[in-house]
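Trainee: This is the structure, below, for whatever I ask next.
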Protein chains: 2
Amino acid sequence: MEEKLKQLKEKLAVVADLQAAAALLGWDQQTYMPPGGAEDRGHALGTLARLAHEHFTADEIGSLLGDLEPYAASLDADSDEACLIRVTRHAFDKETKVPAEKVAEFAFVTTVAQGAWEEAREKSDFSIFQPHLEKIVALRREYADYFKPYDHVYDPLLDDFERGMKTADVKAIFEQLRPLQVELLQAISERPQVDDRFLHLAYPEKDQWDFGVDVVTHFGYDWKRGRQDHSVHPFTQTVHLGDVRITTRFDPERPASMLFSTMHEAGHAMYEQGVAPRLARSPLAGGTSLAVHESQSRMWENLVGRSRAFWTFFYPKFQKVFASQVGNVSMEAFYKGINKVEPSFIRVEADEATYNLHVMLRLELEIELMEGRLAVKDLPEAWNARMRDYLGLTPPNDSLGVLQDVHWSGGMIGYFPTYALGNLISVQLWEKINQDIPDLESQIAAGRFDGLLGWLRQNVHSHGAKFGPQELVQRVTGSKIDPMPYVRYLKTKYGDIYGL
Amino acid sequence: MEEKLKQLKEKLAVVADLQAAAALLGWDQQTYMPPGGAEDRGHALGTLARLAHEHFTADEIGSLLGDLEPYAASLDADSDEACLIRVTRHAFDKETKVPAEKVAEFAFVTTVAQGAWEEAREKSDFSIFQPHLEKIVALRREYADYFKPYDHVYDPLLDDFERGMKTADVKAIFEQLRPLQVELLQAISERPQVDDRFLHLAYPEKDQWDFGVDVVTHFGYDWKRGRQDHSVHPFTQTVHLGDVRITTRFDPERPASMLFSTMHEAGHAMYEQGVAPRLARSPLAGGTSLAVHESQSRMWENLVGRSRAFWTFFYPKFQKVFASQVGNVSMEAFYKGINKVEPSFIRVEADEATYNLHVMLRLELEIELMEGRLAVKDLPEAWNARMRDYLGLTPPNDSLGVLQDVHWSGGMIGYFPTYALGNLISVQLWEKINQDIPDLESQIAAGRFDGLLGWLRQNVHSHGAKFGPQELVQRVTGSKIDPMPYVRYLKTKYGDIYGL
């Protein structure tokens, strides 16, 4: 059996190597690639993806898994080996159940759809995108059917991003959360607004860059195993566990953009940097799900980066560097400014108190589309109705509404809820960390983050993808994903800021 | 047959995609990769190389070639298709004749040998490297034997770098060349030395970089299909035909280093950028041999970059940027300074008049080693004796002698002659270009390089690897590789500079 396990690991390492190559090609495409490389880069990425898929779904992998599963049952269920076999089997079944020609058809349809979506968004004309989205929804329904029997047609889609998570769980969580967030937002909107004009002045690029670097260096982002570059949209890319890169972007008059996105991406990256090196070049070598990943990025960005404790340490530095911009802004005013709540049309610009509402709206629409209860042609109207109900806003056009996000055009249905789940998990973990590290706040106020990072490494990061998101959260906090800690957090934080 | 040709092209495109990925991983390794990525990067590169080899040597490729060869015979021998089948067959036979375990053994021995060589060079102790080189020579002899019958045991090695070239040809060329270069060097050494102290002052990095960029932009290096970065050793890397990157290095007190290496690498890169796009993702998509590649880099570096015409245009700019360094150096003094001839121990620092002597020495020793007429243990002595004969110098130790180059430790026997052949080809082409563009010199003196680049594109670059080096030189100049144009060039140039 040891020999078969060794064989399986070697075959999976080849897949990991192909994925590492694709990761670097993708990173380069968004950072340094000259425009002339675009076409052949597309070919190369296509070939790498196809070969990785072929190697991963090879018959030998299937029979090795079959041989190893009885053996895995005899192992400690938490051991690397048992987890490896379990996680590989799950992914193997998912990748082999869908015929190759369906995968190719989906890739083709979504490639064309992305062009149509770009045009539709530019012209703010949903009708251009509508027939493409109809095809995508139909194909996603077909996709789900390969995984019958399911409890809900949305389950197989959700599972692609959150292994083992069920639609019923997500719905229950969000149905509990939504009215509480709407109610809080209503209460905030009745209070005087905070002033954040100082966040809309010109801040020099190099100073923004250096300040962000200083912050994430304090956090513990390991520059020997990473680097930061510029890109149009900030992202984190793991090439190898020892090479986890982040990017950021510069907006001269929105200093908060680079600063908080740097913290956010460093949060993702520190998760991957913290995976146990012994899991390298295997399906366990990385974060376990998008929601858990988002819990890490949002924790560093929001629970740390938008906290009073954090700025107790960093604001004097910030004031020194940006004296002409915030020299006469008190720390309290600054703190309130970076935590201003304001309903807006665009998800990616939303604050902590409104963000989840954007996501819940999308999730509800996705589920209705998949269930066939909502027709694609009625989507803009349904979108706008929910925007009014949840955020009190009516998008003036579809570019600021239903067409704003790229995800659906790429076929990514099931992805959105992970953003909100990440927020919830971040606070669940945060409550637990504060129990385990009672002086966490004063550590942060002293610029010390090693206690926090050490806790995350031990309890979350080091496990890589061994445990699914619900299982991991349960192991660490003692309960499954739960919205109430997040609600408590929002109420406390904004109750204080807005004097509720 | 069209269908089979299409199949062949598709299979070769997959190999090209894997090689493109490896090229980017290699480039990144030397430019931006954080140190933590090293180990897994090695694994990924190993996997890509293995998969590229497996895909290229697959039985299907062999049988497609077998089916297509009669068809190719019916085509115009110069057509893309006929060349593709011919070139692929040549490479296929070379890659399939050597058993995989021999390839792996060689990879292992040379990996170990590189470590030993580093230590040997550091300690200037040849005995550390000797047993490794003995193994390498034995393995290279075994390698050659897989290609029996051959005219000379060195032929299969040379052919790895210069397709179709024979040892007898190279020997004949160099035996004609060597005494003439030795004689010229002797004559120069009897004349007063030129003054180049102004090339050993501090030149600011940014100004060096910008000047180099300005020069290669004038040359016609296409920044939309390339970029320049820093690395320890300058190199050119083709990721795709539309993405050909160069690197350079900064030495504050040797401005000539960055400037001429930028021109040199741009020469390599413009060759690849000039390959006809229709040859993309095939074995024809790139320069045809190392010697022809070197002819391009050396042409832009030396025939253009160290010429009076070039500096007629650029020296006023140079003087303006580096006023404190060369403000009172006349153009004539500058021209002589950058063309100073001085025998030295190290090949990579050698000037135009001595460079080939370094190479010929190595070639002769390689041939004797392969023929078994020279034992590895006697190599240092043989090296030093030839250094005395050709350059009038005795290396004070082996680090400045037989241990200076990395090539042998990597198993690259057959590589060195390509450097000198490149110099010879560059001048052969140059004579032809000057016939075809009679006012070339005045174009260059006016900062116009489009005539030159256009000629190279049409006659050399666009063909990619369709024709072997000898065949290409013959097609373009009407004769095979010939040392006499180079001798004439050196005599004229240095006769003028040193008043011979």
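Each chain in the structure tokens gets a letter, A, B and so on, in the order shown; residues start at 1 in every chain, and ligands are counted from 1 in the order they appear.
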May I have the residues of chain A within 10 Å of chain B, counting only C-alpha atoms, written as a count of residues only?
Mentor: 46
Trainee: Quick one: everything within 9 Å of A:Pro469, counting only C-alpha atoms, minus sequence neighbours fewer than 5 positions away in the same chain. Send it as an mmCIF file with C-alpha atoms, in the first residue's frame.
Mentor:
```cif
data_model
loop_
_atom_site.group_PDB
_atom_site.id
_atom_site.type_symbol
_atom_site.label_atom_id
_atom_site.label_comp_id
_atom_site.auth_asym_id
_atom_site.auth_seq_id
_atom_site.Cartn_x
_atom_site.Cartn_y
_atom_site.Cartn_z
ATOM 1 C CA GLU A 162 -17.142 25.031 -0.821
ATOM 2 C CA ARG A 163 -16.520 21.304 -0.628
ATOM 3 C CA GLY A 164 -19.337 19.571 1.213
ATOM 4 C CA MET A 165 -21.469 22.669 1.784
ATOM 5 C CA THR A 288 -9.484 24.613 1.639
ATOM 6 C CA SER A 289 -12.226 26.776 0.126
ATOM 7 C CA LEU A 290 -12.958 30.243 -1.129
ATOM 8 C CA ALA A 291 -14.973 31.115 1.973
ATOM 9 C CA VAL A 292 -12.190 30.114 4.355
ATOM 10 C CA GLN A 474 -16.487 23.152 13.451
ATOM 11 C CA LYS A 480 -20.633 25.216 12.100
ATOM 12 C CA ILE A 481 -20.742 28.438 10.128
#
```
Trainee: Which of these, B:Leu357, B:Ala375, B:Leu199, B:Ala420, has the shortest distance to B:Leu180 once you count only C-alpha atoms?
Mentor: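 Among the listed residues, B:Leu357 lies closest to B:Leu180.
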Trainee: Using only C-alpha atoms, determine which residues lie at most 10 Å from A:Ala202, disregarding the query and same-chain residues fewer than 5 positions distant; provide the list as a VMD selection string.
Mentor: chain A and resid 251 to 255 322 324 to 325
Trainee: Next, dump the selected residues to file, keeping only N, CA and C atoms, as a PDB file, in the first residue's frame.
Mentor:
```pdb
ATOM      1  N   ASP A 251      -4.567  54.052  -6.866  1.00  0.00           N
ATOM      2  CA  ASP A 251      -5.559  55.059  -7.233  1.00  0.00           C
ATOM      3  C   ASP A 251      -5.178  56.300  -6.428  1.00  0.00           C
ATOM      4  N   PRO A 252      -4.636  57.320  -7.102  1.00  0.00           N
ATOM      5  CA  PRO A 252      -4.032  58.434  -6.346  1.00  0.00           C
ATOM      6  C   PRO A 252      -4.976  59.065  -5.336  1.00  0.00           C
ATOM      7  N   GLU A 253      -6.271  59.159  -5.685  1.00  0.00           N
ATOM      8  CA  GLU A 253      -7.186  59.874  -4.801  1.00  0.00           C
ATOM      9  C   GLU A 253      -8.039  58.947  -3.946  1.00  0.00           C
ATOM     10  N   ARG A 254      -7.684  57.649  -3.954  1.00  0.00           N
ATOM     11  CA  ARG A 254      -8.383  56.738  -3.047  1.00  0.00           C
ATOM     12  C   ARG A 254      -7.341  55.884  -2.330  1.00  0.00           C
ATOM     13  N   PRO A 255      -6.634  56.488  -1.391  1.00  0.00           N
ATOM     14  CA  PRO A 255      -5.542  55.778  -0.722  1.00  0.00           C
ATOM     15  C   PRO A 255      -6.030  54.516  -0.024  1.00  0.00           C
ATOM     16  N   PHE A 322       1.820  61.046   5.692  1.00  0.00           N
ATOM     17  CA  PHE A 322       0.825  61.803   4.937  1.00  0.00           C
ATOM     18  C   PHE A 322       0.390  63.042   5.730  1.00  0.00           C
ATOM     19  N   SER A 324       0.415  66.204   5.066  1.00  0.00           N
ATOM     20  CA  SER A 324      -0.393  67.243   4.421  1.00  0.00           C
ATOM     21  C   SER A 324      -1.839  66.786   4.217  1.00  0.00           C
ATOM     22  N   GLN A 325      -2.070  65.484   4.214  1.00  0.00           N
ATOM     23  CA  GLN A 325      -3.428  64.985   3.995  1.00  0.00           C
ATOM     24  C   GLN A 325      -4.202  64.790   5.317  1.00  0.00           C
TER      25      GLN A 325
END
```
Trainee: I need the strand (DSSP E) residues of stretch 205-334 of chain B per DSSP on the backbone, written as a VMD selection string.
Mentor: chain B and resid 228 to 230 236 to 240 243 to 248
Trainee: At what distance in Å, to one decimal, does atom CA of A:Ser127 lie from atom CA of A:Leu400?
Mentor: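 Computed distance, atom CA of A:Leu400 to atom CA of A:Ser127, equals 15.2 Å.
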Trainee: Interatomic distance between atom CA of B:Phe314 and atom CA of B:Gln458?
Mentor: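 Here the two named atoms are 26.4 Å from each other.
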Trainee: A:Leu374: which residues within 12 Å, counting only C-alpha atoms, same-chain residues fewer than 5 positions away excluded, as a PDB file with N, CA and C atoms, in the first residue's frame?
Mentor:
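Final output, selection31.pdb:
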```pdb
ATOM      1  N   GLU A 134     -28.521  32.816 -20.639  1.00  0.00           N
ATOM      2  CA  GLU A 134     -29.503  31.723 -20.726  1.00  0.00           C
ATOM      3  C   GLU A 134     -28.812  30.393 -21.020  1.00  0.00           C
ATOM      4  N   VAL A 137     -26.886  29.261 -17.857  1.00  0.00           N
ATOM      5  CA  VAL A 137     -27.758  28.692 -16.826  1.00  0.00           C
ATOM      6  C   VAL A 137     -28.190  27.278 -17.228  1.00  0.00           C
ATOM      7  N   GLU A 364     -29.552  34.699  -3.894  1.00  0.00           N
ATOM      8  CA  GLU A 364     -30.985  34.422  -4.045  1.00  0.00           C
ATOM      9  C   GLU A 364     -31.370  34.342  -5.521  1.00  0.00           C
ATOM     10  N   LEU A 365     -30.814  35.263  -6.307  1.00  0.00           N
ATOM     11  CA  LEU A 365     -31.124  35.249  -7.739  1.00  0.00           C
ATOM     12  C   LEU A 365     -30.556  33.991  -8.402  1.00  0.00           C
ATOM     13  N   GLU A 366     -29.358  33.619  -8.030  1.00  0.00           N
ATOM     14  CA  GLU A 366     -28.738  32.418  -8.609  1.00  0.00           C
ATOM     15  C   GLU A 366     -29.586  31.183  -8.315  1.00  0.00           C
ATOM     16  N   ILE A 367     -30.017  31.083  -7.089  1.00  0.00           N
ATOM     17  CA  ILE A 367     -30.812  29.907  -6.708  1.00  0.00           C
ATOM     18  C   ILE A 367     -32.118  29.878  -7.495  1.00  0.00           C
ATOM     19  N   GLU A 368     -32.762  31.035  -7.622  1.00  0.00           N
ATOM     20  CA  GLU A 368     -34.019  31.077  -8.377  1.00  0.00           C
ATOM     21  C   GLU A 368     -33.802  30.745  -9.850  1.00  0.00           C
ATOM     22  N   LEU A 369     -32.686  31.228 -10.382  1.00  0.00           N
ATOM     23  CA  LEU A 369     -32.371  30.910 -11.789  1.00  0.00           C
ATOM     24  C   LEU A 369     -32.178  29.407 -11.950  1.00  0.00           C
ATOM     25  N   LEU A 379     -34.278  39.020 -14.963  1.00  0.00           N
ATOM     26  CA  LEU A 379     -33.223  39.216 -13.967  1.00  0.00           C
ATOM     27  C   LEU A 379     -33.001  40.690 -13.601  1.00  0.00           C
ATOM     28  N   PRO A 380     -32.924  41.608 -14.587  1.00  0.00           N
ATOM     29  CA  PRO A 380     -32.666  43.007 -14.209  1.00  0.00           C
ATOM     30  C   PRO A 380     -33.729  43.549 -13.244  1.00  0.00           C
ATOM     31  N   GLU A 381     -34.966  43.209 -13.527  1.00  0.00           N
ATOM     32  CA  GLU A 381     -36.043  43.713 -12.674  1.00  0.00           C
ATOM     33  C   GLU A 381     -35.939  43.119 -11.264  1.00  0.00           C
ATOM     34  N   ALA A 382     -35.665  41.827 -11.207  1.00  0.00           N
ATOM     35  CA  ALA A 382     -35.534  41.164  -9.907  1.00  0.00           C
ATOM     36  C   ALA A 382     -34.343  41.756  -9.130  1.00  0.00           C
ATOM     37  N   TRP A 383     -33.271  42.021  -9.845  1.00  0.00           N
ATOM     38  CA  TRP A 383     -32.088  42.642  -9.231  1.00  0.00           C
ATOM     39  C   TRP A 383     -32.463  43.973  -8.594  1.00  0.00           C
TER      40      TRP A 383
END
```
Trainee: So which residues of stretch 268-485 of chain B fall under helix (DSSP H, G or I) by DSSP, listed as a VMD selection string?
Mentor: chain B and resid 268 to 273 277 to 279 290 to 304 308 to 321 323 to 326 331 to 337 347 to 349 352 to 371 376 to 391 398 to 400 407 to 410 417 to 436 440 to 445 450 to 459 461 to 463 469 to 477 484 to 485
